[in-house]
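Colleague: Contents of protein27.pdb (PDB, C-alpha atoms, pLDDT in the B column) are given next:
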```
MODEL        1
ATOM      1  CA  GLY A1467      -1.889  10.354 -25.550  1.00 41.00           C
ATOM      2  CA  GLY A1468      -5.115  11.126 -23.773  1.00 44.00           C
ATOM      3  CA  LEU A1469      -5.850  12.567 -20.403  1.00 47.00           C
ATOM      4  CA  ARG A1470      -4.745  10.427 -17.461  1.00 56.00           C
ATOM      5  CA  MET A1471      -7.640   9.396 -15.294  1.00 71.00           C
ATOM      6  CA  LYS A1472      -6.942  10.309 -11.688  1.00 87.00           C
ATOM      7  CA  PRO A1473      -6.553   7.045  -9.766  1.00 94.00           C
ATOM      8  CA  MET A1474      -8.814   6.246  -6.838  1.00 96.00           C
ATOM      9  CA  VAL A1475      -5.885   4.523  -5.083  1.00 97.00           C
ATOM     10  CA  ASP A1476      -2.161   5.229  -5.103  1.00 98.00           C
ATOM     11  CA  ILE A1477      -0.194   2.167  -3.990  1.00 98.00           C
ATOM     12  CA  ILE A1478       3.123   3.261  -2.463  1.00 98.00           C
ATOM     13  CA  VAL A1479       5.822   0.588  -2.331  1.00 98.00           C
ATOM     14  CA  PRO A1480       9.207   1.508  -0.857  1.00 98.00           C
ATOM     15  CA  THR A1481      11.928  -0.901  -1.979  1.00 97.00           C
ATOM     16  CA  TRP A1482      15.668  -1.314  -1.547  1.00 97.00           C
ATOM     17  CA  ASN A1483      17.525  -3.513  -4.047  1.00 96.00           C
ATOM     18  CA  ASN A1484      14.948  -6.295  -3.791  1.00 94.00           C
ATOM     19  CA  PRO A1485      14.211  -7.397  -7.397  1.00 96.00           C
ATOM     20  CA  GLN A1486      13.584 -11.016  -6.354  1.00 96.00           C
ATOM     21  CA  PHE A1487      10.368  -9.827  -4.648  1.00 95.00           C
ATOM     22  CA  LEU A1488       9.584  -6.480  -6.290  1.00 97.00           C
ATOM     23  CA  ASN A1489       9.626  -7.783  -9.875  1.00 96.00           C
ATOM     24  CA  PRO A1490       7.128 -10.631  -9.213  1.00 95.00           C
ATOM     25  CA  MET A1491       4.940  -8.183  -7.267  1.00 95.00           C
ATOM     26  CA  VAL A1492       4.830  -5.815 -10.256  1.00 97.00           C
ATOM     27  CA  GLN A1493       4.265  -8.709 -12.687  1.00 94.00           C
ATOM     28  CA  GLY A1494       1.383  -9.941 -10.508  1.00 92.00           C
ATOM     29  CA  MET A1495      -0.217  -6.499 -10.562  1.00 92.00           C
ATOM     30  CA  VAL A1496       0.093  -6.413 -14.349  1.00 94.00           C
ATOM     31  CA  LYS A1497      -1.478  -9.893 -14.674  1.00 92.00           C
ATOM     32  CA  THR A1498      -4.440  -8.925 -12.481  1.00 91.00           C
ATOM     33  CA  GLY A1499      -5.106  -5.911 -14.716  1.00 91.00           C
ATOM     34  CA  HIS A1500      -4.888  -3.424 -11.842  1.00 88.00           C
ATOM     35  CA  LEU A1501      -2.457  -1.149 -13.635  1.00 91.00           C
ATOM     36  CA  HIS A1502      -4.435  -1.097 -16.872  1.00 89.00           C
ATOM     37  CA  ASN A1503      -7.857   0.005 -15.631  1.00 86.00           C
ATOM     38  CA  GLY A1504      -6.820   3.396 -14.177  1.00 89.00           C
ATOM     39  CA  PHE A1505      -8.342   2.669 -10.751  1.00 94.00           C
ATOM     40  CA  VAL A1506      -4.902   2.366  -9.145  1.00 96.00           C
ATOM     41  CA  ARG A1507      -1.460   3.796  -9.739  1.00 97.00           C
ATOM     42  CA  LEU A1508       1.644   2.072  -8.420  1.00 98.00           C
ATOM     43  CA  ILE A1509       4.282   4.411  -6.986  1.00 98.00           C
ATOM     44  CA  ILE A1510       7.563   2.597  -6.384  1.00 98.00           C
ATOM     45  CA  VAL A1511       9.961   4.475  -4.136  1.00 98.00           C
ATOM     46  CA  ASN A1512      13.391   3.220  -5.122  1.00 98.00           C
ATOM     47  CA  ASN A1513      15.535   3.534  -1.988  1.00 97.00           C
ATOM     48  CA  GLY A1514      18.345   1.579  -3.655  1.00 96.00           C
ATOM     49  CA  LYS A1515      20.060   1.192  -6.996  1.00 94.00           C
ATOM     50  CA  GLN A1516      17.724  -1.230  -8.803  1.00 94.00           C
ATOM     51  CA  PRO A1517      17.059   0.150 -12.336  1.00 96.00           C
ATOM     52  CA  CYS A1518      13.302   0.355 -11.739  1.00 96.00           C
ATOM     53  CA  LYS A1519      12.662   3.196 -14.205  1.00 96.00           C
ATOM     54  CA  GLN A1520      14.188   1.177 -17.043  1.00 96.00           C
ATOM     55  CA  GLU A1521      12.636  -2.150 -15.989  1.00 96.00           C
ATOM     56  CA  PHE A1522       9.083  -0.814 -15.631  1.00 97.00           C
ATOM     57  CA  ALA A1523       8.980   2.066 -18.160  1.00 95.00           C
ATOM     58  CA  HIS A1524       6.532   0.172 -20.400  1.00 95.00           C
ATOM     59  CA  ILE A1525       3.921  -0.369 -17.664  1.00 96.00           C
ATOM     60  CA  PRO A1526       1.004   2.075 -17.513  1.00 95.00           C
ATOM     61  CA  ASN A1527       0.017   3.787 -14.252  1.00 96.00           C
ATOM     62  CA  LEU A1528       3.391   3.010 -12.682  1.00 97.00           C
ATOM     63  CA  LEU A1529       5.618   5.785 -11.388  1.00 97.00           C
ATOM     64  CA  VAL A1530       9.135   5.271 -10.035  1.00 98.00           C
ATOM     65  CA  VAL A1531      10.473   7.852  -7.600  1.00 98.00           C
ATOM     66  CA  ASP A1532      14.213   7.564  -6.986  1.00 98.00           C
ATOM     67  CA  ALA A1533      15.157   8.453  -3.427  1.00 98.00           C
ATOM     68  CA  PRO A1534      18.393  10.411  -2.956  1.00 96.00           C
ATOM     69  CA  ASP A1535      19.462   7.906  -0.269  1.00 95.00           C
ATOM     70  CA  ASN A1536      17.937   4.903   1.487  1.00 96.00           C
ATOM     71  CA  LEU A1537      15.117   6.685   3.326  1.00 96.00           C
ATOM     72  CA  GLY A1538      13.845   3.481   4.948  1.00 94.00           C
ATOM     73  CA  TRP A1539      10.187   2.474   5.110  1.00 94.00           C
ATOM     74  CA  GLU A1540       8.688   5.600   6.668  1.00 95.00           C
ATOM     75  CA  GLY A1541      10.846   7.978   4.641  1.00 96.00           C
ATOM     76  CA  GLY A1542       9.945   6.074   1.483  1.00 97.00           C
ATOM     77  CA  LEU A1543       6.235   6.375   2.277  1.00 97.00           C
ATOM     78  CA  ALA A1544       6.595  10.123   2.900  1.00 97.00           C
ATOM     79  CA  LEU A1545       8.451  10.597  -0.392  1.00 98.00           C
ATOM     80  CA  GLY A1546       5.836   8.555  -2.254  1.00 98.00           C
ATOM     81  CA  LEU A1547       3.034  10.629  -0.749  1.00 98.00           C
ATOM     82  CA  LYS A1548       4.552  13.732  -2.382  1.00 97.00           C
ATOM     83  CA  SER A1549       3.721  12.189  -5.788  1.00 97.00           C
ATOM     84  CA  SER A1550       0.276  10.990  -4.714  1.00 97.00           C
ATOM     85  CA  ASP A1551      -3.030  12.733  -5.282  1.00 95.00           C
ATOM     86  CA  ALA A1552      -5.510   9.870  -4.860  1.00 97.00           C
ATOM     87  CA  PRO A1553      -8.226   9.901  -2.164  1.00 97.00           C
ATOM     88  CA  PHE A1554      -6.979   6.504  -0.892  1.00 98.00           C
ATOM     89  CA  VAL A1555      -3.387   5.382  -0.423  1.00 98.00           C
ATOM     90  CA  CYS A1556      -2.210   1.814   0.046  1.00 97.00           C
ATOM     91  CA  PHE A1557       1.099   1.359   1.862  1.00 97.00           C
ATOM     92  CA  GLN A1558       2.419  -1.969   0.630  1.00 96.00           C
ATOM     93  CA  ASN A1559       5.540  -4.081   1.069  1.00 94.00           C
ATOM     94  CA  ASP A1560       7.516  -4.951  -2.037  1.00 96.00           C
ATOM     95  CA  ASP A1561       6.946  -8.674  -1.430  1.00 92.00           C
ATOM     96  CA  VAL A1562       3.117  -8.603  -1.556  1.00 91.00           C
ATOM     97  CA  TYR A1563       2.078 -10.854  -4.410  1.00 88.00           C
ATOM     98  CA  LEU A1564      -1.464 -10.815  -5.788  1.00 86.00           C
ATOM     99  CA  PRO A1565      -2.550 -13.949  -7.648  1.00 84.00           C
ATOM    100  CA  GLN A1566      -4.347 -13.385 -10.950  1.00 82.00           C
ATOM    101  CA  SER A1567      -7.672 -14.269  -9.279  1.00 81.00           C
ATOM    102  CA  SER A1568      -7.332 -11.114  -7.118  1.00 84.00           C
ATOM    103  CA  PHE A1569      -8.329  -8.766  -9.939  1.00 86.00           C
ATOM    104  CA  ARG A1570     -10.695  -6.795  -7.636  1.00 90.00           C
ATOM    105  CA  PHE A1571      -8.395  -6.691  -4.581  1.00 91.00           C
ATOM    106  CA  TYR A1572      -8.040  -2.898  -4.292  1.00 94.00           C
ATOM    107  CA  GLU A1573     -11.608  -2.172  -5.408  1.00 94.00           C
ATOM    108  CA  ASN A1574     -12.870  -4.478  -2.648  1.00 92.00           C
ATOM    109  CA  MET A1575     -10.799  -2.655  -0.031  1.00 93.00           C
ATOM    110  CA  VAL A1576     -12.151   0.737  -1.173  1.00 96.00           C
ATOM    111  CA  THR A1577     -15.747  -0.459  -0.641  1.00 94.00           C
ATOM    112  CA  LEU A1578     -14.949  -0.873   3.064  1.00 93.00           C
ATOM    113  CA  PHE A1579     -14.640   2.923   3.340  1.00 96.00           C
ATOM    114  CA  SER A1580     -18.395   3.446   2.879  1.00 95.00           C
ATOM    115  CA  ASP A1581     -18.485   4.361   6.592  1.00 94.00           C
ATOM    116  CA  PRO A1582     -16.789   7.804   6.823  1.00 95.00           C
ATOM    117  CA  LYS A1583     -15.259   6.857  10.200  1.00 95.00           C
ATOM    118  CA  VAL A1584     -13.205   4.029   8.671  1.00 95.00           C
ATOM    119  CA  GLY A1585      -9.655   5.370   8.465  1.00 96.00           C
ATOM    120  CA  MET A1586      -7.776   2.345   7.173  1.00 95.00           C
ATOM    121  CA  VAL A1587      -8.348  -1.215   6.062  1.00 93.00           C
ATOM    122  CA  GLY A1588      -6.180  -4.204   5.295  1.00 87.00           C
ATOM    123  CA  PRO A1589      -6.381  -7.845   4.262  1.00 83.00           C
ATOM    124  CA  THR A1590      -5.647 -11.060   6.115  1.00 68.00           C
ATOM    125  CA  THR A1591      -2.601 -13.001   4.992  1.00 65.00           C
ATOM    126  CA  THR A1592      -0.291 -15.871   5.820  1.00 63.00           C
ATOM    127  CA  THR A1593       2.480 -13.584   7.070  1.00 65.00           C
ATOM    128  CA  ALA A1594       0.834 -11.037   9.392  1.00 63.00           C
ATOM    129  CA  ALA A1595       0.582 -11.281  13.153  1.00 65.00           C
ATOM    130  CA  GLY A1596      -2.576 -11.193  15.228  1.00 68.00           C
ATOM    131  CA  ILE A1597      -6.067 -11.304  13.830  1.00 63.00           C
ATOM    132  CA  GLN A1598      -4.825 -10.363  10.329  1.00 64.00           C
ATOM    133  CA  SER A1599      -3.191 -13.803  10.102  1.00 61.00           C
ATOM    134  CA  ILE A1600      -5.316 -16.458   8.422  1.00 64.00           C
ATOM    135  CA  TYR A1601      -3.893 -18.844  11.035  1.00 63.00           C
ATOM    136  CA  HIS A1602      -5.215 -16.851  14.005  1.00 65.00           C
ATOM    137  CA  PRO A1603      -7.984 -18.842  15.727  1.00 71.00           C
ATOM    138  CA  ASN A1604     -10.322 -15.833  15.448  1.00 71.00           C
ATOM    139  CA  SER A1605      -9.328 -14.769  11.931  1.00 65.00           C
ATOM    140  CA  PRO A1606     -12.415 -13.057  10.516  1.00 66.00           C
ATOM    141  CA  CYS A1607     -14.273 -14.216   7.422  1.00 68.00           C
ATOM    142  CA  ALA A1608     -15.916 -10.811   7.003  1.00 66.00           C
ATOM    143  CA  PRO A1609     -14.830  -7.189   7.554  1.00 73.00           C
ATOM    144  CA  THR A1610     -14.029  -6.744  11.237  1.00 74.00           C
ATOM    145  CA  ASP A1611     -13.059  -3.759  13.379  1.00 77.00           C
ATOM    146  CA  VAL A1612      -9.521  -4.123  14.720  1.00 75.00           C
ATOM    147  CA  ARG A1613      -7.428  -2.018  17.071  1.00 73.00           C
ATOM    148  CA  TRP A1614      -4.160  -2.490  15.148  1.00 75.00           C
ATOM    149  CA  MET A1615      -3.301  -2.770  11.492  1.00 79.00           C
ATOM    150  CA  ILE A1616      -0.253  -4.654  10.273  1.00 78.00           C
ATOM    151  CA  GLY A1617       1.476  -2.443   7.730  1.00 82.00           C
ATOM    152  CA  PHE A1618       2.456  -5.010   5.104  1.00 87.00           C
ATOM    153  CA  CYS A1619      -0.561  -3.831   3.099  1.00 91.00           C
ATOM    154  CA  MET A1620      -2.873  -1.192   4.523  1.00 94.00           C
ATOM    155  CA  MET A1621      -5.078   1.213   2.671  1.00 96.00           C
ATOM    156  CA  VAL A1622      -5.732   4.583   4.295  1.00 97.00           C
ATOM    157  CA  ARG A1623      -8.288   7.281   3.611  1.00 98.00           C
ATOM    158  CA  ARG A1624      -6.177  10.288   2.603  1.00 97.00           C
ATOM    159  CA  THR A1625      -8.221  12.741   4.693  1.00 97.00           C
ATOM    160  CA  ALA A1626      -7.878  10.488   7.764  1.00 97.00           C
ATOM    161  CA  LEU A1627      -4.124  10.203   7.214  1.00 97.00           C
ATOM    162  CA  ASP A1628      -3.870  13.989   7.040  1.00 96.00           C
ATOM    163  CA  ALA A1629      -6.096  14.369  10.137  1.00 96.00           C
ATOM    164  CA  CYS A1630      -3.858  12.118  12.226  1.00 95.00           C
ATOM    165  CA  GLY A1631      -0.617  13.818  11.195  1.00 95.00           C
ATOM    166  CA  GLY A1632       0.552  11.687   8.247  1.00 95.00           C
ATOM    167  CA  VAL A1633       3.550   9.370   8.270  1.00 95.00           C
ATOM    168  CA  ASP A1634       5.977   9.847  11.148  1.00 94.00           C
ATOM    169  CA  THR A1635       9.452   9.595   9.596  1.00 93.00           C
ATOM    170  CA  THR A1636      11.190   9.718  12.988  1.00 92.00           C
ATOM    171  CA  LEU A1637      10.141   6.175  13.911  1.00 86.00           C
ATOM    172  CA  PRO A1638      12.646   3.317  13.653  1.00 78.00           C
ATOM    173  CA  GLY A1639       9.754   0.889  13.022  1.00 79.00           C
ATOM    174  CA  GLY A1640       6.348   0.237  14.490  1.00 84.00           C
ATOM    175  CA  ASP A1641       4.789   2.856  12.242  1.00 88.00           C
ATOM    176  CA  ASP A1642       1.765   0.619  11.660  1.00 89.00           C
ATOM    177  CA  PHE A1643       0.965   0.529  15.400  1.00 90.00           C
ATOM    178  CA  ASP A1644       1.695   4.242  15.722  1.00 94.00           C
ATOM    179  CA  ILE A1645      -0.653   5.189  12.897  1.00 94.00           C
ATOM    180  CA  SER A1646      -3.304   2.833  14.328  1.00 93.00           C
ATOM    181  CA  ILE A1647      -3.156   4.694  17.632  1.00 94.00           C
ATOM    182  CA  ARG A1648      -3.198   8.113  15.962  1.00 95.00           C
ATOM    183  CA  MET A1649      -6.133   7.126  13.732  1.00 95.00           C
ATOM    184  CA  ARG A1650      -8.157   6.004  16.760  1.00 94.00           C
ATOM    185  CA  ASP A1651      -7.236   9.199  18.630  1.00 95.00           C
ATOM    186  CA  ALA A1652      -8.482  11.208  15.604  1.00 95.00           C
ATOM    187  CA  GLY A1653     -11.834   9.412  15.785  1.00 94.00           C
ATOM    188  CA  TYR A1654     -11.360   6.835  13.040  1.00 94.00           C
TER
ENDMDL
END
```
Go ahead and express the file in the form of structure tokens.

Modeller:
Amino acid sequence: GGLRMKPMVDIIVPTWNNPQFLNPMVQGMVKTGHLHNGFVRLIIVNNGKQPCKQEFAHIPNLLVVDAPDNLGWEGGLALGLKSSDAPFVCFQNDDVYLPQSSFRFYENMVTLFSDPKVGMVGPTTTTAAGIQSIYHPNSPCAPTDVRWMIGFCMMVRRTALDACGGVDTTLPGGDDFDISIRMRDAGY
């Protein structure tokens, strides 16, 4: 084997016994070529008992971290961050599915960080609330500043995440709003 290229983006996906969504998500990432080009690495935090290491052992740039217990979303993100060394981190639900035509999805999000004050970015979708919903009457067609990010899929600049205090594992939910507030307070 050769040297592993350090990924530009680590995608952290906490999951809990959810193969009906996780497996198609991983298969979609393989079909788009994201895991083969070295730009991203997928870090699955297995909060449950799904045999992820065995199921995905053949896939390059995919790391499975088995949690000792169900750490929940925030705890899963924090555990995944311990295995991450990329300058950008994407927190992503295990049911996000990228169609094969989305082969530049993560690369396109990284380009939005050209302004050093951008702390996090995310896509629009059919399932998010607010302006990130494609059904919102003011859903943007171009990159737009927003006050809140919906955490189903949000990419963060690692230095901005560190500057605002990282992931708060004491929250019972609402971590996406919390990190949005802390990012703004840190000047991002």

Colleague: Report as a ChimeraX atom specification the full result of the PyMOL selection byres ((chain A and resi 1522) around 12) when it is applied to this structure.

Modeller: /A:1485,1488-1493,1496,1501,1508-1510,1516-1521,1523-1531

Colleague: Pick the closest to Pro1609 (chain A) from A:Cys1630, A:Ala1533, A:Val1622, A:Leu1578: which is it, counting all atoms listed in the file?

Modeller: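 Residue with the minimum atom-to-atom distance to Pro1609 (chain A): A:Leu1578.
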
Colleague: Expressed in Å to a single decimal, how great is the separation between CA of Lys1583 (chain A) and CA of Ala1626 (chain A)?

Modeller: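 Answer for the CA of Lys1583 (chain A) to CA of Ala1626 (chain A) separation: 8.6 Å.
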
Colleague: Tell me, in Å to one decimal, how far CA of Lys1472 (chain A) is from CA of His1502 (chain A).

Modeller: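 Calculated distance between CA of Lys1472 (chain A) and CA of His1502 (chain A) is 12.8 Å.
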
Colleague: Compile the contact shell of Met1620 (chain A) as a ChimeraX atom specification: residues with an atom at most 7 Å away, counting only C-alpha atoms, same-chain residues fewer than 6 positions apart removed.

Modeller: /A:1556-1558,1586-1588

Colleague: One number please: CA of Asp1532 (chain A) to CA of Leu1547 (chain A), in Å, one decimal.

Modeller: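 Value for the CA of Asp1532 (chain A)-CA of Leu1547 (chain A) distance: 13.2 Å.
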
Colleague: I'd like to know which of A:Tyr1572, A:Pro1589, A:Asp1551, A:Glu1540 is closest to Ile1645 (chain A), using only C-alpha atoms.

Modeller: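 Under the stated criterion, the closest residue is A:Glu1540.
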
Colleague: Residues around (4.9, 5.4, 12.3), cut-off 12 Å, counting only C-alpha atoms - what are they as number ranges by chain?

Modeller: A: 1538-1544, 1557, 1615-1617, 1627, 1630-1649

Colleague: Pick out the closest residue to Phe1579 (chain A) from this set: A:Asn1483, A:Ala1652, A:Arg1624, A:Leu1537. Count only C-alpha atoms.

Modeller: A:Arg1624

Colleague: Taking only C-alpha atoms into account, name the residue in A:Asn1512, A:Asn1574, A:Ser1549, A:Thr1625 that is nearest to Asn1484 (chain A).

Modeller: A:Asn1512

Colleague: So which one's closest to Trp1482 (chain A), A:Arg1613, A:Arg1650, A:Arg1570, A:Lys1515? Using all atoms listed in the file, please.

Modeller: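 Smallest distance to Trp1482 (chain A) is found for A:Lys1515.
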